[in-house]
Amino acid sequence: SVSANLDNPKIISLVSGNSSYMGGAHPNSYLAYYNINKETGDTLSLSNIFSPGFEKKLNELVDAAFRKANNLKPGDNLQDKGGLFENKITFNYNLMVSKDGAVTFYYNPYEIASYAQGPIEVTLTKEEIAPLLSANSLLK
């Protein structure tokens, strides 16, 4: 299935979903987000949104937001206390843009944690990402 998640004058955000059951312990589902520049028809990438060199700071913001949402302290192990496969969480390329300019990184089951954890969403507010936005970012 495909549906419009956001429609504003600059961006349309589409979400594509797939679900299947192949006889295992449980069905599996997958969501993919596509953010499209309405003026050009191009799919937005992180390099279209953020200034060069954004990666380190964006990873720090994602880590902090995940920890805050899960009541974890800065030094807590993300495997032991956060339920992740590794002791880290980083941005991915599957993100949705909200009407207010926030971005949510969406992690499908098994991407960074077990199926039991379910999908994981990490939202960064427009204020949090503002210093990272490129001069011509459509999120400004």
# chains A, B, ... in the order shown; residues from 1 in each chain; ligands from 1

call {"tool": "residues_around", "arguments": {"residues": "A:Val62", "least_positions_apart": "5", "cutoff": "12 Å", "atoms": "only C-alpha atoms", "output": "VMD selection string"}}
result
chain A and resid 55 to 57 67 to 69 88 to 92 95 103 to 107 120 to 125 128 to 129

call {"tool": "write_last_selection", "arguments": {"atoms": "N, CA and C atoms", "output": "short mmCIF file (atom, residue, chain, number, x, y, z; two decimals), in the first residue's frame"}}
result
data_model
loop_
_atom_site.label_atom_id
_atom_site.label_comp_id
_atom_site.auth_asym_id
_atom_site.auth_seq_id
_atom_site.Cartn_x
_atom_site.Cartn_y
_atom_site.Cartn_z
N GLU A 55 26.64 14.40 9.51
CA GLU A 55 26.50 13.03 10.01
C GLU A 55 26.77 12.87 11.50
N LYS A 56 27.89 13.36 11.99
CA LYS A 56 28.25 13.16 13.40
C LYS A 56 27.21 13.80 14.33
N LYS A 57 26.87 15.04 14.08
CA LYS A 57 25.91 15.75 14.94
C LYS A 57 24.52 15.11 14.84
N ARG A 67 17.42 7.90 23.66
CA ARG A 67 17.63 7.74 25.10
C ARG A 67 16.54 8.46 25.89
N LYS A 68 16.19 9.67 25.48
CA LYS A 68 15.16 10.43 26.18
C LYS A 68 13.81 9.72 26.09
N ALA A 69 13.45 9.24 24.91
CA ALA A 69 12.17 8.57 24.71
C ALA A 69 12.07 7.27 25.51
N LYS A 88 24.61 1.09 20.03
CA LYS A 88 24.57 2.38 19.32
C LYS A 88 23.31 2.46 18.49
N ILE A 89 22.92 3.70 18.22
CA ILE A 89 21.84 3.96 17.28
C ILE A 89 22.29 5.14 16.43
N THR A 90 22.11 5.01 15.14
CA THR A 90 22.51 6.06 14.21
C THR A 90 21.33 6.37 13.29
N PHE A 91 21.41 7.50 12.60
CA PHE A 91 20.35 7.84 11.66
C PHE A 91 20.31 6.79 10.56
N ASN A 92 19.17 6.67 9.92
CA ASN A 92 19.05 5.85 8.73
C ASN A 92 18.48 6.73 7.62
N LEU A 95 13.14 8.19 6.53
CA LEU A 95 12.60 9.22 7.41
C LEU A 95 11.36 9.87 6.84
N VAL A 103 11.58 15.75 11.80
CA VAL A 103 11.86 14.54 11.04
C VAL A 103 11.82 13.35 11.99
N THR A 104 11.26 12.25 11.49
CA THR A 104 11.22 11.01 12.26
C THR A 104 11.94 9.93 11.48
N PHE A 105 12.95 9.36 12.10
CA PHE A 105 13.66 8.23 11.51
C PHE A 105 12.92 6.97 11.92
N TYR A 106 12.58 6.16 10.93
CA TYR A 106 11.78 4.95 11.15
C TYR A 106 12.64 3.72 10.92
N TYR A 107 12.70 2.86 11.94
CA TYR A 107 13.47 1.64 11.88
C TYR A 107 12.50 0.46 11.90
N ILE A 120 10.78 1.05 15.51
CA ILE A 120 11.30 2.10 16.39
C ILE A 120 11.29 3.40 15.64
N GLU A 121 10.76 4.44 16.26
CA GLU A 121 10.73 5.78 15.68
C GLU A 121 11.51 6.73 16.57
N VAL A 122 12.35 7.55 15.95
CA VAL A 122 13.10 8.57 16.67
C VAL A 122 12.80 9.90 16.00
N THR A 123 12.17 10.80 16.74
CA THR A 123 11.76 12.10 16.19
C THR A 123 12.66 13.21 16.68
N LEU A 124 13.10 14.04 15.75
CA LEU A 124 13.87 15.24 16.06
C LEU A 124 13.04 16.44 15.67
N THR A 125 12.92 17.40 16.57
CA THR A 125 12.11 18.58 16.30
C THR A 125 12.80 19.50 15.29
N GLU A 128 15.65 21.21 16.93
CA GLU A 128 16.85 20.38 17.12
C GLU A 128 17.68 20.27 15.83
N ILE A 129 17.00 20.17 14.69
CA ILE A 129 17.73 19.98 13.44
C ILE A 129 18.09 21.28 12.75
#

call {"tool": "residues_around", "arguments": {"residues": "A:Asn70", "least_positions_apart": "5", "cutoff": "12 Å", "atoms": "only C-alpha atoms", "output": "short mmCIF file (atom, residue, chain, number, x, y, z; two decimals) with N, CA, C and O atoms, in the first residue's frame"}}
result
data_model
loop_
_atom_site.label_atom_id
_atom_site.label_comp_id
_atom_site.auth_asym_id
_atom_site.auth_seq_id
_atom_site.Cartn_x
_atom_site.Cartn_y
_atom_site.Cartn_z
N ASP A 63 20.78 9.63 18.91
CA ASP A 63 21.10 8.90 20.14
C ASP A 63 20.42 9.57 21.34
O ASP A 63 19.78 8.89 22.15
N ALA A 64 20.54 10.87 21.45
CA ALA A 64 19.95 11.59 22.59
C ALA A 64 18.42 11.47 22.59
O ALA A 64 17.82 11.26 23.65
N ALA A 65 17.80 11.57 21.44
CA ALA A 65 16.33 11.47 21.35
C ALA A 65 15.86 10.07 21.70
O ALA A 65 14.85 9.89 22.39
N ASP A 76 24.11 4.68 29.60
CA ASP A 76 23.45 3.38 29.58
C ASP A 76 23.75 2.62 28.30
O ASP A 76 23.79 3.20 27.21
N LEU A 78 22.94 0.52 25.23
CA LEU A 78 21.74 0.43 24.42
C LEU A 78 21.35 -1.00 24.10
O LEU A 78 20.19 -1.26 23.75
N LYS A 81 19.96 -2.10 28.07
CA LYS A 81 18.82 -1.34 28.59
C LYS A 81 17.88 -0.81 27.51
O LYS A 81 16.74 -0.50 27.79
N GLY A 82 18.37 -0.68 26.28
CA GLY A 82 17.55 -0.14 25.20
C GLY A 82 16.97 -1.17 24.26
O GLY A 82 16.16 -0.85 23.40
N GLY A 83 17.41 -2.44 24.40
CA GLY A 83 16.87 -3.50 23.58
C GLY A 83 17.38 -3.54 22.15
O GLY A 83 16.81 -4.23 21.31
N LEU A 84 18.46 -2.82 21.85
CA LEU A 84 18.98 -2.78 20.49
C LEU A 84 19.98 -3.92 20.26
O LEU A 84 20.51 -4.48 21.20
N ILE A 120 10.78 1.05 15.51
CA ILE A 120 11.30 2.10 16.39
C ILE A 120 11.29 3.40 15.64
O ILE A 120 11.72 3.47 14.48
N GLU A 121 10.76 4.44 16.26
CA GLU A 121 10.73 5.78 15.68
C GLU A 121 11.51 6.73 16.57
O GLU A 121 11.35 6.71 17.79
N VAL A 122 12.35 7.55 15.95
CA VAL A 122 13.10 8.57 16.67
C VAL A 122 12.80 9.90 16.00
O VAL A 122 13.11 10.09 14.82
#

call {"tool": "select_by_dssp", "arguments": {"residues": "stretch 46-110 of chain A", "states": "strand (DSSP E)", "output": "PyMOL selection string"}}
result
chain A and resi 95-97+103-107

call {"tool": "residues_around", "arguments": {"residues": "A:Asn48", "least_positions_apart": "6", "cutoff": "9 Å", "atoms": "only C-alpha atoms", "output": "list of chain:residue names"}}
result
A:Leu133, A:Ser134, A:Asn136, A:Ser137, A:Leu138

call {"tool": "closest_atom_pairs", "arguments": {"of": "stretch 85-105 of chain A", "to": "stretch 34-40 of chain A", "cutoff": "8 Å", "atoms": "only C-alpha atoms", "output": "tab-separated table"}}
result
residue	atom	partner	partner_atom	distance
A:Asn94	CA	A:Tyr34	CA	7.7
A:Leu95	CA	A:Tyr34	CA	7.6
A:Met96	CA	A:Asn35	CA	7.0
A:Val97	CA	A:Asn35	CA	7.2

call {"tool": "write_last_selection", "arguments": {"atoms": "C-alpha atoms", "output": "PDB file, in the first residue's frame"}}
result
ATOM      1  CA  ASN A  94      14.077   6.002   6.077  1.00  0.00           C
ATOM      2  CA  LEU A  95      12.604   9.224   7.407  1.00  0.00           C
ATOM      3  CA  MET A  96       9.336  11.033   7.352  1.00  0.00           C
ATOM      4  CA  VAL A  97       8.902  14.772   7.424  1.00  0.00           C
TER       5      VAL A  97
END

call {"tool": "atom_distance", "arguments": {"atom1": "atom CA of A:Leu14", "atom2": "atom CA of A:Val2"}}
result
6.8 Å

call {"tool": "atom_distance", "arguments": {"atom1": "atom CA of A:His26", "atom2": "atom CA of A:Leu72"}}
result
29.1 Å

call {"tool": "closest_residue", "arguments": {"among": "A:Gly75, A:Tyr93, A:Leu61, A:Ser98", "to": "A:Ser45", "atoms": "only C-alpha atoms"}}
result
A:Tyr93
